[in-house]
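J.: See my_file_16.cif below, with mmCIF, C-alpha atoms.
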data_data
#
loop_
_atom_site.label_atom_id
_atom_site.label_comp_id
_atom_site.auth_asym_id
_atom_site.auth_seq_id
_atom_site.Cartn_x
_atom_site.Cartn_y
_atom_site.Cartn_z
CA MET A 49 -15.92 9.49 19.28
CA ALA A 50 -16.56 11.58 22.41
CA THR A 51 -14.75 14.50 20.79
CA LEU A 52 -16.96 14.33 17.70
CA THR A 53 -20.10 14.05 19.84
CA GLU A 54 -19.03 17.07 21.86
CA LYS A 55 -18.35 19.06 18.69
CA TYR A 56 -21.50 18.22 16.74
CA GLY A 57 -23.91 16.86 19.35
CA PRO A 58 -26.09 13.71 19.29
CA TYR A 59 -29.69 13.29 18.10
CA PRO A 60 -32.48 13.86 20.64
CA GLY A 61 -33.43 10.20 20.91
CA TYR A 62 -32.35 6.72 19.82
CA LYS A 63 -33.76 3.24 19.33
CA PRO A 64 -32.22 -0.22 18.86
CA SER A 65 -31.29 -0.91 15.24
CA GLY A 66 -31.62 -4.68 15.44
CA ALA A 67 -28.11 -5.11 14.00
CA ASP A 68 -25.38 -5.95 16.53
CA TRP A 69 -22.63 -4.12 14.63
CA LEU A 70 -24.75 -0.97 14.31
CA GLY A 71 -26.17 -0.51 17.80
CA ASP A 72 -28.72 2.24 18.42
CA VAL A 73 -29.79 4.68 15.70
CA PRO A 74 -31.76 7.95 15.80
CA ALA A 75 -35.39 7.29 16.68
CA HIS A 76 -36.80 8.55 13.36
CA TRP A 77 -34.38 6.56 11.15
CA GLU A 78 -35.21 3.30 9.42
CA VAL A 79 -32.92 0.29 9.24
CA LYS A 80 -33.42 -1.66 6.02
CA ARG A 81 -31.78 -4.51 4.22
CA LEU A 82 -29.61 -3.20 1.42
CA LYS A 83 -31.51 -5.08 -1.29
CA TYR A 84 -34.70 -3.13 -0.55
CA SER A 85 -33.09 0.30 -1.09
CA ALA A 86 -30.18 -0.48 -3.44
CA PRO A 87 -30.67 -3.84 -5.16
CA LEU A 88 -27.64 -5.52 -6.69
CA ARG A 89 -27.33 -5.49 -10.48
CA ASN A 90 -25.96 -8.46 -12.38
CA ASP A 91 -25.55 -7.18 -15.94
CA LYS A 92 -22.48 -8.87 -17.41
CA LEU A 93 -20.51 -8.91 -20.65
CA GLY A 94 -18.01 -11.43 -21.93
CA ASN A 95 -15.26 -8.81 -22.06
CA LYS A 96 -14.72 -5.07 -22.00
CA PRO A 97 -15.99 -3.26 -25.12
CA GLU A 98 -13.65 -0.77 -26.78
CA ASP A 99 -13.86 2.87 -25.70
CA VAL A 100 -15.78 2.02 -22.53
CA ALA A 101 -14.32 2.99 -19.15
CA TYR A 102 -13.16 0.07 -17.01
CA VAL A 103 -12.85 0.00 -13.21
CA GLY A 104 -10.65 -2.65 -11.64
CA LEU A 105 -10.24 -2.98 -7.89
CA GLU A 106 -6.85 -1.32 -8.25
CA ASN A 107 -8.62 1.74 -9.71
CA ILE A 108 -10.47 2.47 -6.45
CA GLU A 109 -8.60 4.27 -3.68
CA PRO A 110 -9.29 2.19 -0.57
CA TRP A 111 -10.00 4.79 2.09
CA THR A 112 -11.63 7.53 0.01
CA GLY A 113 -13.53 5.78 -2.77
CA LYS A 114 -11.87 8.00 -5.38
CA LEU A 115 -11.59 6.53 -8.86
CA LEU A 116 -8.04 6.43 -10.24
CA LEU A 117 -8.53 5.93 -13.95
CA ASP A 118 -5.28 7.25 -15.44
CA TYR A 119 -4.46 3.77 -16.74
CA GLN A 120 -7.07 2.02 -18.87
CA PRO A 121 -6.43 -1.41 -20.45
CA ASP A 122 -7.14 -1.77 -24.16
CA SER A 123 -9.10 -4.93 -23.46
CA VAL A 124 -10.12 -7.19 -20.59
CA ASP A 125 -10.29 -10.87 -21.47
CA SER A 126 -12.73 -11.88 -18.74
CA THR A 127 -16.29 -11.31 -17.66
CA VAL A 128 -17.06 -7.74 -16.68
CA VAL A 129 -20.07 -6.14 -15.01
CA THR A 130 -21.70 -2.97 -16.29
CA PHE A 131 -22.68 0.07 -14.29
CA ALA A 132 -24.49 3.36 -14.93
CA PRO A 133 -24.33 6.86 -13.47
CA GLY A 134 -25.80 6.79 -9.97
CA ASP A 135 -24.72 3.23 -9.19
CA VAL A 136 -22.47 2.34 -6.27
CA LEU A 137 -19.55 -0.11 -6.66
CA PHE A 138 -18.43 -2.36 -3.80
CA GLY A 139 -15.36 -4.63 -3.84
CA LYS A 140 -16.17 -8.11 -2.55
CA LEU A 141 -12.65 -9.60 -2.61
CA ARG A 142 -10.15 -9.34 0.22
CA PRO A 143 -7.71 -7.51 0.47
CA TYR A 144 -9.78 -5.10 -1.64
CA LEU A 145 -12.88 -5.80 0.44
CA ALA A 146 -15.24 -2.84 0.72
CA LYS A 147 -13.49 -0.61 -1.77
CA VAL A 148 -16.35 1.70 -2.63
CA ALA A 149 -16.95 4.12 -5.50
CA HIS A 150 -19.95 6.05 -6.85
CA PRO A 151 -19.27 6.87 -10.52
CA ASP A 152 -21.12 9.54 -12.47
CA PHE A 153 -20.52 7.82 -15.81
CA GLU A 154 -21.35 4.60 -17.62
CA GLY A 155 -18.75 1.84 -17.69
CA THR A 156 -17.64 -1.69 -16.90
CA ALA A 157 -15.90 -3.18 -13.89
CA THR A 158 -14.24 -6.38 -12.77
CA SER A 159 -16.66 -9.10 -11.74
CA GLU A 160 -15.14 -8.85 -8.25
CA VAL A 161 -17.16 -5.65 -7.88
CA LEU A 162 -20.80 -5.66 -6.79
CA VAL A 163 -22.97 -3.05 -8.52
CA MET A 164 -25.80 -1.50 -6.49
CA ARG A 165 -28.49 0.77 -7.92
CA PRO A 166 -30.06 3.03 -5.26
CA LEU A 167 -33.83 3.44 -5.40
CA GLU A 168 -35.76 6.66 -4.79
CA ASP A 169 -35.44 6.44 -1.01
CA CYS A 170 -31.64 6.11 -1.08
CA SER A 171 -28.99 8.72 -1.98
CA GLN A 172 -26.03 7.45 -4.00
CA SER A 173 -23.48 9.51 -2.04
CA TYR A 174 -24.99 8.62 1.32
CA LEU A 175 -24.98 4.92 0.45
CA ALA A 176 -21.32 5.09 -0.57
CA TYR A 177 -20.47 6.61 2.82
CA CYS A 178 -22.52 3.90 4.56
CA LEU A 179 -20.45 1.25 2.83
CA LEU A 180 -17.21 3.04 3.81
CA ASN A 181 -18.30 2.88 7.46
CA ALA A 182 -15.54 1.03 9.35
CA PRO A 183 -17.86 -1.02 11.65
CA TYR A 184 -19.82 -2.17 8.59
CA ILE A 185 -16.62 -3.19 6.80
CA ARG A 186 -15.38 -5.11 9.86
CA TRP A 187 -18.70 -6.94 10.08
CA ILE A 188 -18.70 -7.79 6.35
CA ASP A 189 -15.16 -9.09 6.72
CA THR A 190 -16.41 -11.72 9.18
CA LEU A 191 -18.66 -13.08 6.41
CA THR A 192 -15.90 -13.75 3.88
CA TYR A 193 -15.18 -17.30 2.78
CA GLY A 194 -12.36 -19.07 0.93
CA ALA A 195 -8.75 -19.66 1.95
CA LYS A 196 -6.70 -18.32 -0.97
CA MET A 197 -8.87 -15.40 -2.13
CA PRO A 198 -11.48 -14.68 0.56
CA ARG A 199 -14.58 -12.87 -0.68
CA VAL A 200 -18.05 -12.05 0.54
CA SER A 201 -21.09 -13.43 -1.24
CA PRO A 202 -23.49 -11.04 -3.02
CA ASP A 203 -26.38 -12.47 -1.01
CA GLU A 204 -24.70 -11.60 2.29
CA VAL A 205 -24.17 -8.02 1.15
CA ALA A 206 -27.70 -7.74 -0.24
CA CYS A 207 -29.15 -8.91 3.08
CA SER A 208 -26.98 -6.64 5.22
CA PHE A 209 -28.63 -3.80 7.11
CA ILE A 210 -28.01 -0.10 6.45
CA PRO A 211 -29.23 2.85 8.53
CA LEU A 212 -31.58 4.97 6.41
CA PRO A 213 -32.69 8.44 7.49
CA PRO A 214 -35.21 10.37 5.36
CA LEU A 215 -33.82 11.24 1.92
CA PRO A 216 -33.28 15.00 2.62
CA GLU A 217 -31.32 14.03 5.72
CA GLN A 218 -29.23 11.53 3.76
CA GLN A 219 -28.39 14.28 1.30
CA ALA A 220 -27.49 16.65 4.15
CA ILE A 221 -25.21 14.03 5.75
CA ALA A 222 -23.54 13.30 2.40
CA ALA A 223 -23.03 17.04 1.74
CA PHE A 224 -21.48 17.48 5.19
CA LEU A 225 -19.16 14.52 4.66
CA ASP A 226 -18.23 15.69 1.16
CA ARG A 227 -17.10 19.01 2.64
CA GLU A 228 -15.30 17.68 5.70
CA THR A 229 -13.58 14.75 4.00
CA ALA A 230 -12.41 17.09 1.23
CA ARG A 231 -10.73 19.22 3.88
CA ILE A 232 -9.05 16.18 5.40
CA ASP A 233 -8.02 14.85 1.99
CA ALA A 234 -6.44 18.21 1.13
CA LEU A 235 -4.37 18.08 4.33
CA VAL A 236 -3.35 14.51 3.59
CA SER A 237 -2.29 15.47 0.06
CA LYS A 238 -0.09 18.29 1.40
CA LYS A 239 1.57 15.99 3.89
CA GLU A 240 2.07 13.28 1.28
CA ARG A 241 3.73 15.85 -0.99
CA LEU A 242 6.00 16.91 1.86
CA MET A 243 6.94 13.26 2.40
CA GLU A 244 7.76 12.93 -1.30
CA LEU A 245 10.04 15.97 -1.13
CA LEU A 246 11.83 14.57 1.92
CA GLN A 247 12.22 11.20 0.17
CA GLU A 248 13.67 12.98 -2.85
CA LYS A 249 16.08 14.85 -0.58
CA ARG A 250 17.06 11.54 1.04
CA THR A 251 17.75 9.92 -2.32
CA ALA A 252 19.76 12.91 -3.52
CA LEU A 253 21.82 12.88 -0.31
CA ILE A 254 22.57 9.18 -0.68
CA THR A 255 23.36 9.45 -4.38
CA ARG A 256 25.80 12.29 -3.82
CA ALA A 257 27.58 10.48 -0.98
CA VAL A 258 27.99 7.09 -2.71
CA THR A 259 29.10 8.53 -6.06
CA ARG A 260 31.15 11.61 -5.00
CA GLY A 261 32.17 10.86 -1.41
CA LEU A 262 32.27 13.30 1.53
CA ASP A 263 35.21 15.48 0.47
CA PRO A 264 33.93 18.27 -1.79
CA ASP A 265 37.52 19.15 -2.78
CA ALA A 266 38.51 15.63 -3.89
CA SER A 267 39.77 15.40 -7.47
CA VAL A 268 37.44 13.54 -9.80
CA LYS A 269 37.58 11.46 -12.94
CA ASP A 270 35.11 10.29 -15.54
CA SER A 271 33.76 6.93 -14.42
CA GLY A 272 33.21 5.88 -18.03
CA VAL A 273 29.63 4.99 -17.10
CA GLU A 274 26.87 7.37 -18.19
CA TRP A 275 24.65 6.99 -15.13
CA LEU A 276 27.56 7.37 -12.69
CA GLY A 277 29.22 10.39 -14.25
CA GLU A 278 32.28 11.68 -12.43
CA ILE A 279 33.59 9.91 -9.32
CA PRO A 280 36.53 10.63 -6.99
CA ALA A 281 39.80 9.92 -8.79
CA HIS A 282 40.91 7.27 -6.29
CA TRP A 283 37.66 5.25 -6.50
CA GLU A 284 37.04 2.19 -8.66
CA VAL A 285 34.14 1.19 -10.87
CA LYS A 286 33.05 -2.39 -10.18
CA ARG A 287 30.23 -4.71 -11.20
CA LEU A 288 28.28 -6.32 -8.38
CA LYS A 289 29.40 -9.81 -9.41
CA HIS A 290 32.96 -8.77 -8.56
CA LEU A 291 31.92 -7.48 -5.12
CA ALA A 292 29.50 -10.18 -3.94
CA GLY A 293 30.47 -13.76 -3.27
CA LYS A 294 26.82 -14.75 -3.52
CA VAL A 295 24.01 -13.50 -5.72
CA GLY A 296 20.96 -15.71 -5.34
CA SER A 297 17.40 -15.97 -4.07
CA GLY A 298 15.29 -18.52 -2.28
CA LYS A 299 11.94 -20.12 -3.01
CA THR A 300 8.49 -20.46 -1.58
CA PRO A 301 8.26 -23.75 0.33
CA LYS A 302 6.32 -26.47 -1.46
CA GLY A 303 2.77 -26.06 -0.19
CA GLY A 304 3.08 -22.29 0.14
CA ALA A 305 1.51 -20.59 3.14
CA GLU A 306 0.25 -23.94 4.43
CA ARG A 307 3.88 -24.69 5.42
CA TYR A 308 4.16 -21.57 7.58
CA VAL A 309 4.32 -22.07 11.34
CA ASP A 310 3.75 -19.80 14.34
CA ASP A 311 7.42 -19.71 15.31
CA GLY A 312 10.67 -20.98 13.88
CA VAL A 313 13.02 -19.71 11.14
CA MET A 314 12.02 -16.39 9.62
CA LEU A 315 11.09 -16.50 5.94
CA LEU A 316 11.82 -13.03 4.63
CA ARG A 317 9.58 -11.91 1.78
CA SER A 318 9.54 -8.76 -0.32
CA GLN A 319 7.07 -7.06 2.05
CA ASN A 320 9.69 -7.35 4.81
CA VAL A 321 12.48 -5.66 2.81
CA HIS A 322 12.33 -1.86 2.82
CA PHE A 323 14.92 0.81 2.14
CA GLY A 324 17.16 0.93 5.18
CA GLU A 325 15.37 -1.64 7.33
CA LEU A 326 13.75 -5.02 7.71
CA ARG A 327 10.10 -4.76 8.80
CA LEU A 328 9.14 -7.91 10.66
CA ALA A 329 5.62 -7.16 11.89
CA ASP A 330 4.13 -9.66 9.41
CA VAL A 331 7.12 -11.96 8.95
CA ALA A 332 6.37 -15.60 8.11
CA TYR A 333 8.05 -18.56 9.79
CA ILE A 334 9.08 -22.01 8.56
CA ASP A 335 10.13 -25.03 10.59
CA THR A 336 13.70 -26.34 10.73
CA ASP A 337 12.99 -29.17 8.27
CA THR A 338 11.79 -26.68 5.66
CA ASP A 339 14.79 -24.49 6.41
CA GLU A 340 17.05 -27.50 5.75
CA GLU A 341 15.34 -27.98 2.38
CA MET A 342 16.16 -24.33 1.60
CA ALA A 343 19.71 -24.37 3.00
CA GLY A 344 21.08 -22.62 -0.09
CA SER A 345 19.05 -19.47 0.59
CA ARG A 346 19.80 -18.96 4.25
CA VAL A 347 20.51 -15.37 5.22
CA LEU A 348 23.69 -14.47 7.08
CA GLU A 349 24.28 -11.43 9.26
CA GLY A 350 25.38 -8.57 7.01
CA ASP A 351 23.86 -9.89 3.79
CA VAL A 352 22.27 -7.22 1.62
CA LEU A 353 18.72 -8.13 0.58
CA LEU A 354 17.28 -6.86 -2.70
CA ASN A 355 13.69 -7.22 -3.92
CA ILE A 356 13.81 -8.46 -7.50
CA THR A 357 10.16 -8.74 -8.56
CA GLY A 358 6.88 -6.87 -8.38
CA ALA A 359 5.90 -3.46 -7.12
CA SER A 360 8.70 -3.39 -4.52
CA LEU A 361 11.43 -4.07 -7.11
CA GLY A 362 14.69 -2.38 -6.09
CA ARG A 363 14.05 -2.04 -2.36
CA SER A 364 17.06 -3.11 -0.33
CA CYS A 365 18.49 -3.24 3.18
CA VAL A 366 21.15 -4.95 5.27
CA ALA A 367 20.04 -8.08 7.13
CA ARG A 368 20.63 -7.33 10.80
CA LEU A 369 19.15 -10.43 12.37
CA ARG A 370 20.10 -10.02 16.06
CA GLY A 371 21.01 -13.67 16.35
CA LYS A 372 17.86 -14.99 14.67
CA ASP A 373 17.85 -17.46 11.77
CA ALA A 374 16.33 -16.44 8.46
CA ASN A 375 15.70 -17.57 4.92
CA VAL A 376 14.27 -15.82 1.85
CA ASN A 377 11.72 -16.63 -0.82
CA GLN A 378 12.20 -16.30 -4.58
CA HIS A 379 11.27 -12.62 -4.66
CA VAL A 380 14.27 -11.58 -2.54
CA CYS A 381 17.88 -11.74 -3.70
CA ILE A 382 20.79 -12.23 -1.29
CA LEU A 383 23.88 -10.12 -2.05
CA ARG A 384 26.77 -11.35 0.10
CA PRO A 385 29.76 -8.98 0.01
CA ASN A 386 33.23 -9.87 1.24
CA GLN A 387 32.98 -7.92 4.50
CA GLN A 388 36.75 -7.64 4.83
CA GLN A 389 36.74 -5.45 1.72
CA ASP A 390 33.21 -4.09 1.42
CA GLU A 391 30.88 -2.59 4.00
CA PRO A 392 27.31 -3.98 3.70
CA GLU A 393 25.71 -0.65 4.69
CA PHE A 394 27.62 1.18 1.96
CA LEU A 395 26.50 -1.43 -0.58
CA ALA A 396 22.87 -1.11 0.54
CA TYR A 397 23.04 2.68 0.33
CA SER A 398 24.56 2.35 -3.15
CA VAL A 399 21.63 0.18 -4.25
CA GLU A 400 19.28 2.88 -2.94
CA SER A 401 21.03 5.64 -4.91
CA ARG A 402 19.46 7.12 -8.02
CA SER A 403 22.25 5.80 -10.24
CA LEU A 404 21.65 2.19 -9.16
CA GLN A 405 17.87 2.49 -9.15
CA ASP A 406 18.07 3.78 -12.74
CA GLN A 407 20.11 0.73 -13.69
CA ILE A 408 17.64 -1.60 -11.98
CA PHE A 409 14.60 -0.15 -13.70
CA ASN A 410 16.34 -0.02 -17.07
CA ASN A 411 16.92 -3.74 -16.65
CA GLU A 412 13.32 -4.78 -16.00
CA ASN A 413 12.54 -7.93 -17.95
CA GLY A 414 9.31 -9.20 -16.44
CA VAL A 415 6.38 -9.93 -18.72
CA SER A 416 3.51 -9.92 -16.24
CA ARG A 417 5.57 -8.55 -13.36
CA ASP A 418 8.67 -6.40 -13.27
CA ALA A 419 11.67 -8.57 -12.47
CA LEU A 420 15.47 -8.84 -12.53
CA ASN A 421 17.44 -12.00 -13.25
CA PHE A 422 20.75 -12.89 -11.59
CA GLU A 423 22.82 -12.00 -14.64
CA GLN A 424 21.38 -8.49 -14.70
CA ILE A 425 21.90 -8.13 -10.96
CA GLY A 426 25.53 -9.20 -11.27
CA ASP A 427 26.11 -6.63 -14.01
CA LEU A 428 24.97 -3.67 -11.89
CA VAL A 429 27.75 -1.08 -11.77
CA PHE A 430 28.94 0.54 -8.53
CA ALA A 431 31.38 3.28 -7.58
CA ARG A 432 33.67 1.76 -4.93
CA PRO A 433 36.02 3.51 -2.50
CA ALA A 434 38.29 1.75 -0.02
CA LYS A 435 36.57 0.18 2.97
CA ASN A 436 37.58 2.88 5.48
CA GLU A 437 35.91 5.47 3.25
CA GLN A 438 32.87 3.21 2.83
CA LEU A 439 32.56 3.06 6.63
CA ALA A 440 32.78 6.86 6.92
CA ILE A 441 30.16 7.39 4.21
CA ALA A 442 27.82 4.80 5.74
CA ALA A 443 28.17 6.42 9.19
CA PHE A 444 27.46 9.87 7.71
CA LEU A 445 24.40 8.59 5.87
CA ASP A 446 23.13 6.75 8.95
CA GLN A 447 23.14 10.05 10.81
CA GLU A 448 21.71 12.26 8.08
CA THR A 449 19.09 9.86 6.73
CA GLY A 450 18.09 9.14 10.32
CA LYS A 451 17.07 12.79 10.70
CA LEU A 452 15.03 12.66 7.50
CA ASP A 453 13.50 9.31 8.42
CA SER A 454 12.38 10.75 11.76
CA LEU A 455 10.63 13.63 10.00
CA ILE A 456 9.03 11.28 7.49
CA ALA A 457 7.81 9.01 10.30
CA LYS A 458 6.17 11.95 12.09
CA ILE A 459 4.43 13.04 8.89
CA ARG A 460 3.28 9.46 8.26
CA GLU A 461 1.84 9.32 11.78
CA ALA A 462 0.02 12.61 11.18
CA ILE A 463 -1.45 11.22 7.95
CA GLU A 464 -2.61 8.11 9.79
CA ARG A 465 -4.33 10.26 12.43
CA LEU A 466 -6.08 12.26 9.71
CA ARG A 467 -7.28 9.06 8.06
CA GLU A 468 -8.52 7.77 11.40
CA LEU A 469 -10.39 11.07 11.88
CA ARG A 470 -11.90 10.73 8.40
CA SER A 471 -13.05 7.19 9.13
CA ALA A 472 -14.45 8.15 12.55
CA LEU A 473 -16.30 11.14 11.07
CA ILE A 474 -17.95 9.00 8.39
CA SER A 475 -18.90 6.34 10.91
CA ALA A 476 -20.36 8.82 13.37
CA ALA A 477 -22.39 10.64 10.70
CA VAL A 478 -23.90 7.63 8.89
CA THR A 479 -24.79 5.80 12.10
CA GLY A 480 -26.37 8.86 13.71
CA ARG A 481 -23.89 9.17 16.59
CA ILE A 482 -23.64 12.84 15.65
CA ASP A 483 -26.30 15.18 14.27
CA VAL A 484 -24.83 17.15 11.37
CA ARG A 485 -28.03 18.50 9.82
CA GLU A 486 -27.37 22.09 10.86
CA GLU A 487 -23.69 21.77 9.93
CA ALA A 488 -24.71 20.79 6.39
CA GLU A 489 -26.85 23.91 6.12
CA CYS A 490 -23.87 26.10 7.09
CA GLN A 491 -21.86 25.31 3.94
#
Written as structure tokens, how would this file's structure read?
T.:
Amino acid sequence: MATLTEKYGPYPGYKPSGADWLGDVPAHWEVKRLKYSAPLRNDKLGNKPEDVAYVGLENIEPWTGKLLLDYQPDSVDSTVVTFAPGDVLFGKLRPYLAKVAHPDFEGTATSEVLVMRPLEDCSQSYLAYCLLNAPYIRWIDTLTYGAKMPRVSPDEVACSFIPLPPLPEQQAIAAFLDRETARIDALVSKKERLMELLQEKRTALITRAVTRGLDPDASVKDSGVEWLGEIPAHWEVKRLKHLAGKVGSGKTPKGGAERYVDDGVMLLRSQNVHFGELRLADVAYIDTDTDEEMAGSRVLEGDVLLNITGASLGRSCVARLRGKDANVNQHVCILRPNQQQDEPEFLAYSVESRSLQDQIFNNENGVSRDALNFEQIGDLVFARPAKNEQLAIAAFLDQETGKLDSLIAKIREAIERLRELRSALISAAVTGRIDVREEAECQ
């Protein structure tokens, strides 16, 4: 914040706002309850009319407020709220809490969205930035209620305080933030595209290695499988069920999250399984009694884990547990190769290859969620060299993908810093920590 203050400068004088989360505000600003400047609307319909735009929480980008409307459902069989140009939308449901948008068109939205209609003293764009203010969001989060699907009540939002400079100043702040956040967003987009290109390079590298090997001069043969193409002449084509002694998943303990404990046996879920690694920052734990109930889905060192449902379908990695005990839920499949004949890392890399990912996504059979059943998993087709060659390929890919992963991690960190800058800039401008009135005039 000091850097932003040094760059743009503070206001001449400040006064207490009366809101603990807000602190002091510029002396000439007002602090008003939201309902007095942007009252909540409650116009509802039984379902979405045809040919009317619909905004679900998934259609609002969380950190920018951009509307992502490429996909539109034909119908919505639930209550929807209506909005008009100039309104501001605010998500009241965690984890979508405080998703904010300010549409310039008429439409409908999920009833988990609050619709606010700014009055004459309140700018639509400025209000949207106020609601994207990180300290405001953190404070609103403390007001949520409910265990399974926490949400904030409309009354709490309506009674919350917002800092309100004179309307021309609101417009100047919004114009400044439009310009500066657009610059940041453009940088983020470039870095995200670079990450995509590196990911594509990674996938191509893996696919080449696990289907053609490391010797460019090796003789090849037709695999007889369209999505594999030619493979080295001395390799085999095998189905997973002939490579893995176990293909199976676990279950969610009866009682769900209420059975989780602070420490114990790890319960690996789909959010923990990523390409090339287990991410355990948010791992759940179950006690030993629950683990005994789920003995059939215990994870062993060297098992290959594969996500088989939902948005993370197809992600896989080798379970390297470092002596810890683990189990899986029903969204994660255990593939247990015979490690005397098959190298787990080679199998995991094979699952990550384009040829296997194409097979997985051609086999989707979920109705409400994408999913694979065990029969389909067992029928996945692999190109298989001898184990010594598997080891060499896995070692090569560890080294080469490690270089790419390091670059991707640095780009991801740079994106996170840009997003933090974006958030800090919004917060500083809409709370009056920085004075951007002259900056807005310099556009």
J.: Tell me, in Å to one decimal, how far atom CA of Ala440 of chain A is from atom CA of Val352 of chain A.
T.: 18.4 Å
J.: Check which residues satisfy the PyMOL selection byres ((chain A and resi 166-177) around 8) in the file shown, then give them as a PyMOL selection string.
T.: chain A and resi 85-87+134-136+148-150+164-165+178-181+212+214-215+218-219+221-222+474+478
J.: Residues within 10 Å of (23.3, 4.8, 7.0), file coordinates, counting all atoms listed in the file: what are they? Give the list as a VMD selection string.
T.: chain A and resid 254 324 393 to 394 396 to 397 439 to 450
J.: Name the residues captured by the PyMOL selection byres ((chain A and resi 385) around 7) when it is applied to the shown file; answer as JSON, numbers by chain.
T.: {"A": [291, 292, 293, 383, 384, 386, 387, 390, 392]}
J.: Please, what distance in Å, to one decimal, runs between atom CA of Pro433 of chain A and atom CA of Asp263 of chain A?
T.: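 Atom CA of Pro433 of chain A sits 12.4 Å away from atom CA of Asp263 of chain A.
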J.: Might you pull out every residue within 9 Å of Ile232 of chain A, with all atoms listed in the file counted and same-chain residues fewer than 6 positions away left off, and present them as an MDAnalysis selection string?
T.: chainID A and resid 466:467 469:470
J.: Skipping near chain neighbours, those fewer than 2 positions away, what residues fall within 12 Å of Lys114 of chain A using all atoms listed in the file, listed as a PyMOL selection string?
T.: chain A and resi 103+105-112+116-117+137+147-152+176-177+180+226+229-230+233
J.: Please produce a file of those selected residues containing C-alpha atoms, as a CSV table (one decimal), keeping the file's coordinate frame.
T.:
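Result file follows (part.csv):
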chain,number,residue,atom,x,y,z
A,103,VAL,CA,-12.8,0.0,-13.2
A,105,LEU,CA,-10.2,-3.0,-7.9
A,106,GLU,CA,-6.8,-1.3,-8.2
A,107,ASN,CA,-8.6,1.7,-9.7
A,108,ILE,CA,-10.5,2.5,-6.4
A,109,GLU,CA,-8.6,4.3,-3.7
A,110,PRO,CA,-9.3,2.2,-0.6
A,111,TRP,CA,-10.0,4.8,2.1
A,112,THR,CA,-11.6,7.5,0.0
A,116,LEU,CA,-8.0,6.4,-10.2
A,117,LEU,CA,-8.5,5.9,-14.0
A,137,LEU,CA,-19.6,-0.1,-6.7
A,147,LYS,CA,-13.5,-0.6,-1.8
A,148,VAL,CA,-16.4,1.7,-2.6
A,149,ALA,CA,-17.0,4.1,-5.5
A,150,HIS,CA,-20.0,6.0,-6.8
A,151,PRO,CA,-19.3,6.9,-10.5
A,152,ASP,CA,-21.1,9.5,-12.5
A,176,ALA,CA,-21.3,5.1,-0.6
A,177,TYR,CA,-20.5,6.6,2.8
A,180,LEU,CA,-17.2,3.0,3.8
A,226,ASP,CA,-18.2,15.7,1.2
A,229,THR,CA,-13.6,14.8,4.0
A,230,ALA,CA,-12.4,17.1,1.2
A,233,ASP,CA,-8.0,14.8,2.0
J.: Show which residues sit within 8 Å of Val347 of chain A, as a PyMOL selection string. Count all atoms listed in the file, and ignore same-chain residues fewer than 3 positions away.
T.: chain A and resi 351+367+373-376+382
J.: For atom CA of Leu361 of chain A and atom CA of Val313 of chain A, quote the distance in Å rounded to one decimal.
T.: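 So the two atoms, atom CA of Leu361 of chain A and atom CA of Val313 of chain A, lie 24.1 Å apart.
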J.: Apply the PyMOL selection byres ((chain A and resi 94) around 6) to the structure shown and report the selected residues as a list of chain:residue names.
T.: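 Checked against the file, the PyMOL selection byres ((chain A and resi 94) around 6) matches A:Leu93, A:Asn95, A:Thr127.
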J.: Need the shell around Gly358 of chain A: protein/DNA/RNA residues with any atom at most 8 Å away, counting only C-alpha atoms. Skip same-chain ones fewer than 2 positions apart. Format as a ChimeraX atom specification?
T.: /A:356,360-361,417-419
J.: Residues around (-11.7, -3.2, -23.3), cut-off 9 Å, counting only C-alpha atoms - what are they as a count of residues only?
T.: 15
J.: Which residue, A:Lys80, A:Arg402, A:Arg89, A:His282, has the smallest gap to Arg250 of chain A when you use all atoms listed in the file?
T.: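 Under the stated criterion, the closest residue is A:Arg402.
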J.: Show which residues sit within 7 Å of Pro64 of chain A, as a PyMOL selection string. Count all atoms listed in the file, and ignore same-chain residues fewer than 4 positions away.
T.: chain A and resi 71-73
J.: May I have the selected residues written with C-alpha atoms, as a short mmCIF file (atom, residue, chain, number, x, y, z; two decimals), keeping the file's coordinate frame?
T.:
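Listed below is the output, result_28.cif:
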data_model
loop_
_atom_site.label_atom_id
_atom_site.label_comp_id
_atom_site.auth_asym_id
_atom_site.auth_seq_id
_atom_site.Cartn_x
_atom_site.Cartn_y
_atom_site.Cartn_z
CA GLY A 71 -26.17 -0.51 17.80
CA ASP A 72 -28.72 2.24 18.42
CA VAL A 73 -29.79 4.68 15.70
#
J.: Considering all atoms listed in the file, can you say which of A:Arg199, A:Gly66, A:Ala252, A:Met314 comes closest to Asp330 of chain A?
T.: A:Met314
J.: Taking all atoms listed in the file into account, name the residue in A:Ala476, A:Lys239, A:Ala75, A:Ala329 that is nearest to Pro60 of chain A.
T.: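 Residue with the minimum atom-to-atom distance to Pro60 of chain A: A:Ala75.
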J.: Calculated over all atoms listed in the file, which of the candidates A:Gly480, A:Arg363, A:Lys196, A:Gly57 has the smallest distance to His322 of chain A?
T.: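 Going through A:Gly480, A:Arg363, A:Lys196, A:Gly57 one by one, the smallest distance to His322 of chain A is for A:Arg363.
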J.: Nearest to Lys140 of chain A: which of A:Ala305, A:Ala182, A:Val205, A:Ala67 is it, counting all atoms listed in the file?
T.: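 Among the listed residues, the smallest separation from Lys140 of chain A belongs to A:Val205.
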